[in-house]
Amino acid sequence: MLRQYELVERVRRYDPDADEDLINRAYVFSMQAHGSQKRASGDPYFSHPIEVAGILTDLHLDDETIATAILHDTIEDTVATPEQIEKLFGPNIARLVDGVTKLSKIEAQSENERAAENLRKFLLAMSDDIRVLLVKLADRLHNMRTLHHIPREAKRRRIARETMDIYAPLAERVGMYEFMKEMQTLAFQILEPEAYESITKRLEQLKEGGGDRIARIASGLTMMLRRHGIQAEVSGREKHPYSIWRKMTERHISFEQLSDVMAFRVVVADTEQCYRALGFIHERWPMVPGRFKDYVSTPKRNGYRSLHTSVIHNEKVRIEVQIRSEAMHAQAEYGYAAHWAYKQGTAADVGGTKVSWIRDLVEILDHADSPEELLEHTRMAMYQDRIFAFTPNGELIQLPKGSTPIDFAYAVHTDLGNQAVGAKVNGRLVPLRTPIQNGDQVQVLKSAAQKPQPEWMNFVVTGKAKATLRRFVRQKEREEMIALGRKFYDEIVSRLPAPLKPDALAQAVKRLHVGDENALMEAIARRTIDDAAVAEALMPGADAEASARPVPHRDAVSIRGLTPGVAFQLAECCHPVPGDRIVGLRKPDAPVEVHAIDCPTLAAGPEEADWVDLAWGDKSDGGTARLSVILRNEPGSLGAMAGILGAHAANILNLSLVHRDTSFHTFQVDLEVHDLAHLMRILAALRAADAVSQAERIRLGDEERWEAA
């Protein structure tokens, strides 16, 4: 364990102006607070925060951060209070200690509500000051180094899984690769002990078989670059076991099939020397196609810069070479912590304002509706493989693999995502669901009249896009459910035997124990409260009186102004279109299902469903109709049918060949039509064409008959 004077001396080596008294006071306070507490290893508990502080001195962090590390467990594990910390050490350190304490409580695999709430608080604290994260990463790293002392296997596995899912990705996101690799290796050893042992043995055998192969290759690289006038520091190592295991599982290959288990780092003076060294290496050894990545001109989102290439060395092995300048190397080793040296900046310089991915996480916090959703989207944002894409102005946007133009739009700005109507990739108009490739230039076309579309949820991949869309869909669904509920409410009121009192609705809200008027309307639409119960709450005794009276004629409930698929959905069995007489099936806690009145499946509807007479409303427009069209088996018949549909401005949504014989082909066509009259005109035109033998509208139950025909 570091002694008090040793810790202070380590800080003073890189920061002679550090507040020595602050560190000493924190040391004494923490030691007294933890008292006789012991760790699972039997060591004094106080040794842990001191070792965490020691790890942070290797990153050359400021005195406030070192003091925070010393104090980080006092609030959680002792009787010390946040008020005491603020009084003795000031508001900055109190805020940092509180932020670290929040993250210490996360348990990713259980108690999702508490985990999500603590993650929410931590991310907000981290967005204000990233030193909160740096302290917690050092804390977790030391805990992982001593994890083997915990006797219960289940607890060891839980902590290891938590490290793999949350802390290692966070370390990667701030560019602290050494922290990430060590945490992954230690967690992998706990989670997959057999795989870890097997890969470790293979690496040892590789060392024994190749002797000092790594040293020989490193020496050869150094000499080759020196002959070309480049002074470089070259080091080599095997890739760490978790990285090897992940490649084996992702590519479904064995250890023997991995050809690049060795990686070499070339550190030169500046950026120009990086590209010169790359040229000489490619000139000397064959490059492996598809394995070159330029993170110098297009840095990773966490600021990482380096040139990566793979070549086939003379020893008939494939090696990975990373080339970087000294400044890039410092960034690669310690990420954002490399900027925190006392002479280089303050919290304002390197805090959340410059870390865009943290801002994305905070935006996800605002949109997440459930603990599970928050954890899912946060993990998604933290550790998916990334690609690079460019805006028309050349700005670099990093995205997960498989991202679409909608993901790109939301990554640029939420408003751009909400208003996206189309996209051009490399100057070519593409569908919004098109996956973006590495290096693509993406231009998003927008319209102020556009709104987010629920179907985008089927293909977006980023946590930010999913969270924003889910929030919009939830809000849209609530608004339309309330609007539909009001229509049903008016219909219920029309059945009452007498006009309502002015305060009847307010009294009904109280009697039914719902939050407010809107909540009641939503409950009516979702049928979580029965119509009879609403009538009784509005006018006690009205339900019994109404049942004894003849049912009056009532106007149908209009669905005009509501969005299909939100408050109501058009039944797939009968494909109703405006102009059809329609009824609704109301099922508990589900959108109203709209059927044509002559739909063959209505009679077989669920018993608990309530039938409601519906109407399209004036000027309702748009629906999907399904047709069965029998064409003569002659060249040009299909083109003739498509020409008729195009001439009538009917968009084909789906076209499938369902039956064929020598003389005729039967097609099933799904069409976008305005209304029933539009559909009838199309059918009449099809029936009049020579190429068409028969054309009919079909519904579920009719399809087998037409297929047989």
# chains A, B, ... in the order shown; residues from 1 in each chain; ligands from 1
>>> residues_around(residues="Ala218 (chain A)", least_positions_apart="5", cutoff="7 Å", atoms="only C-alpha atoms", output="mmCIF file with C-alpha atoms, in the first residue's frame")
data_model
loop_
_atom_site.group_PDB
_atom_site.id
_atom_site.type_symbol
_atom_site.label_atom_id
_atom_site.label_comp_id
_atom_site.auth_asym_id
_atom_site.auth_seq_id
_atom_site.Cartn_x
_atom_site.Cartn_y
_atom_site.Cartn_z
ATOM 1 C CA VAL A 234 8.933 -0.122 -31.864
ATOM 2 C CA SER A 235 7.343 -2.514 -29.399
ATOM 3 C CA GLY A 236 5.407 -5.734 -29.932
#
>>> residues_around(residues="region 531-534 of chain A", least_positions_apart="6", cutoff="12 Å", atoms="only C-alpha atoms", output="MDAnalysis selection string")
chainID A and resid 485 488:493 495:496 504:514 520:521 523:525 540:547 586 588 610:612
>>> write_last_selection(atoms="N, CA, C and O atoms", output="short mmCIF file (atom, residue, chain, number, x, y, z; two decimals), in the first residue's frame")
data_model
loop_
_atom_site.label_atom_id
_atom_site.label_comp_id
_atom_site.auth_asym_id
_atom_site.auth_seq_id
_atom_site.Cartn_x
_atom_site.Cartn_y
_atom_site.Cartn_z
N GLY A 485 -60.59 8.31 -27.37
CA GLY A 485 -61.36 8.15 -26.15
C GLY A 485 -62.44 9.21 -26.03
O GLY A 485 -63.56 8.93 -25.56
N PHE A 488 -65.37 8.17 -28.14
CA PHE A 488 -66.15 7.13 -27.46
C PHE A 488 -66.90 7.71 -26.26
O PHE A 488 -68.02 7.30 -25.95
N TYR A 489 -66.27 8.67 -25.59
CA TYR A 489 -66.92 9.32 -24.44
C TYR A 489 -68.19 10.04 -24.89
O TYR A 489 -69.25 9.92 -24.25
N ASP A 490 -68.07 10.77 -26.01
CA ASP A 490 -69.26 11.47 -26.52
C ASP A 490 -70.36 10.47 -26.86
O ASP A 490 -71.56 10.74 -26.65
N GLU A 491 -69.96 9.31 -27.39
CA GLU A 491 -70.94 8.29 -27.75
C GLU A 491 -71.61 7.72 -26.48
O GLU A 491 -72.81 7.47 -26.45
N ILE A 492 -70.82 7.56 -25.41
CA ILE A 492 -71.38 7.08 -24.14
C ILE A 492 -72.36 8.10 -23.58
O ILE A 492 -73.47 7.77 -23.13
N VAL A 493 -71.99 9.38 -23.63
CA VAL A 493 -72.84 10.45 -23.11
C VAL A 493 -74.16 10.51 -23.89
O VAL A 493 -75.23 10.76 -23.32
N ARG A 495 -75.88 8.19 -24.96
CA ARG A 495 -76.79 7.12 -24.54
C ARG A 495 -77.40 7.37 -23.17
O ARG A 495 -78.28 6.62 -22.74
N LEU A 496 -76.92 8.38 -22.46
CA LEU A 496 -77.44 8.63 -21.11
C LEU A 496 -78.86 9.18 -21.18
O LEU A 496 -79.22 9.89 -22.13
N ALA A 504 -70.00 16.69 -13.81
CA ALA A 504 -70.14 15.24 -13.88
C ALA A 504 -68.83 14.55 -14.27
O ALA A 504 -68.47 13.51 -13.72
N LEU A 505 -68.12 15.13 -15.23
CA LEU A 505 -66.87 14.52 -15.69
C LEU A 505 -65.84 14.52 -14.57
O LEU A 505 -65.15 13.51 -14.34
N ALA A 506 -65.70 15.63 -13.86
CA ALA A 506 -64.74 15.70 -12.75
C ALA A 506 -65.08 14.69 -11.67
O ALA A 506 -64.19 14.04 -11.09
N GLN A 507 -66.38 14.52 -11.40
CA GLN A 507 -66.80 13.55 -10.39
C GLN A 507 -66.52 12.12 -10.86
O GLN A 507 -66.11 11.26 -10.06
N ALA A 508 -66.70 11.86 -12.15
CA ALA A 508 -66.42 10.53 -12.70
C ALA A 508 -64.94 10.18 -12.58
O ALA A 508 -64.58 9.04 -12.28
N VAL A 509 -64.09 11.18 -12.81
CA VAL A 509 -62.64 10.95 -12.67
C VAL A 509 -62.30 10.50 -11.26
O VAL A 509 -61.52 9.57 -11.04
N LYS A 510 -62.93 11.15 -10.25
CA LYS A 510 -62.68 10.77 -8.86
C LYS A 510 -63.23 9.38 -8.56
O LYS A 510 -62.57 8.56 -7.91
N ARG A 511 -64.46 9.09 -9.02
CA ARG A 511 -65.08 7.80 -8.71
C ARG A 511 -64.32 6.64 -9.35
O ARG A 511 -64.27 5.54 -8.78
N LEU A 512 -63.74 6.88 -10.51
CA LEU A 512 -63.03 5.81 -11.22
C LEU A 512 -61.56 5.73 -10.83
O LEU A 512 -60.82 4.87 -11.32
N HIS A 513 -61.10 6.68 -9.99
CA HIS A 513 -59.73 6.69 -9.47
C HIS A 513 -58.68 6.74 -10.60
O HIS A 513 -57.70 5.99 -10.59
N VAL A 514 -58.92 7.59 -11.57
CA VAL A 514 -57.91 7.84 -12.61
C VAL A 514 -57.30 9.21 -12.35
O VAL A 514 -57.88 10.04 -11.65
N LEU A 520 -58.61 9.38 -18.18
CA LEU A 520 -59.89 8.70 -18.34
C LEU A 520 -60.18 8.44 -19.81
O LEU A 520 -60.62 7.34 -20.19
N MET A 521 -59.91 9.45 -20.67
CA MET A 521 -60.16 9.26 -22.10
C MET A 521 -59.28 8.15 -22.67
O MET A 521 -59.72 7.34 -23.49
N ALA A 523 -58.11 5.60 -21.00
CA ALA A 523 -58.62 4.33 -20.47
C ALA A 523 -59.86 3.88 -21.24
O ALA A 523 -60.06 2.68 -21.49
N ILE A 524 -60.72 4.83 -21.63
CA ILE A 524 -61.91 4.48 -22.42
C ILE A 524 -61.48 3.92 -23.77
O ILE A 524 -62.01 2.90 -24.24
N ALA A 525 -60.50 4.59 -24.43
CA ALA A 525 -60.05 4.12 -25.74
C ALA A 525 -59.41 2.75 -25.66
O ALA A 525 -59.61 1.90 -26.53
N PRO A 540 -74.83 8.06 -11.77
CA PRO A 540 -75.15 6.84 -11.02
C PRO A 540 -76.58 6.36 -11.30
O PRO A 540 -77.53 7.15 -11.29
N GLY A 541 -76.71 5.06 -11.58
CA GLY A 541 -78.01 4.46 -11.89
C GLY A 541 -78.35 4.51 -13.35
O GLY A 541 -79.32 3.89 -13.79
N ALA A 542 -77.54 5.23 -14.16
CA ALA A 542 -77.87 5.41 -15.58
C ALA A 542 -77.74 4.11 -16.35
O ALA A 542 -78.50 3.85 -17.28
N ASP A 543 -76.77 3.26 -15.97
CA ASP A 543 -76.54 2.04 -16.73
C ASP A 543 -77.75 1.10 -16.64
O ASP A 543 -78.19 0.53 -17.62
N ALA A 544 -78.33 0.96 -15.41
CA ALA A 544 -79.51 0.09 -15.24
C ALA A 544 -80.71 0.66 -15.98
O ALA A 544 -81.49 -0.05 -16.61
N GLU A 545 -80.84 1.98 -15.95
CA GLU A 545 -81.97 2.63 -16.63
C GLU A 545 -81.85 2.49 -18.14
O GLU A 545 -82.82 2.23 -18.83
N ALA A 546 -80.58 2.60 -18.65
CA ALA A 546 -80.38 2.51 -20.10
C ALA A 546 -80.67 1.11 -20.61
O ALA A 546 -81.18 0.93 -21.71
N SER A 547 -80.36 0.09 -19.79
CA SER A 547 -80.57 -1.29 -20.24
C SER A 547 -82.06 -1.62 -20.38
O SER A 547 -82.43 -2.54 -21.09
N ARG A 586 -63.03 -3.56 -30.25
CA ARG A 586 -62.26 -3.00 -29.14
C ARG A 586 -61.86 -4.13 -28.21
O ARG A 586 -62.71 -4.80 -27.62
N PRO A 588 -59.31 -5.20 -24.84
CA PRO A 588 -58.67 -4.52 -23.70
C PRO A 588 -57.22 -4.17 -23.98
O PRO A 588 -56.44 -5.00 -24.45
N ASP A 610 -65.41 -5.82 -28.05
CA ASP A 610 -66.64 -5.01 -28.08
C ASP A 610 -66.76 -4.39 -29.47
O ASP A 610 -65.82 -3.80 -29.98
N TRP A 611 -67.91 -4.54 -30.11
CA TRP A 611 -68.13 -4.00 -31.45
C TRP A 611 -68.54 -2.53 -31.35
O TRP A 611 -69.37 -2.16 -30.54
N VAL A 612 -67.94 -1.71 -32.22
CA VAL A 612 -68.26 -0.28 -32.26
C VAL A 612 -68.52 0.11 -33.70
O VAL A 612 -67.74 -0.25 -34.60
#
>>> closest_residue(among="A:Ala642, A:Leu96, A:Ile323, A:Ala650", to="Asp294 (chain A)", atoms="only C-alpha atoms")
A:Ile323
>>> residues_around(residues="Ile85 (chain A)", least_positions_apart="6", cutoff="10 Å", atoms="only C-alpha atoms", output="PyMOL selection string")
chain A and resi 26+29+68+71+74-75+91-95+97-98
>>> closest_residue(among="A:Ser628, A:Gln441, A:Asn24, A:Thr309", to="Ile66 (chain A)", atoms="only C-alpha atoms")
A:Asn24
>>> closest_residue(among="A:Asp690, A:Glu51, A:Glu76, A:Glu20", to="Arg140 (chain A)", atoms="only C-alpha atoms")
A:Glu51
>>> closest_residue(among="A:Ser243, A:Asn314, A:Thr65, A:Ser41", to="Ile217 (chain A)", atoms="only C-alpha atoms")
A:Asn314
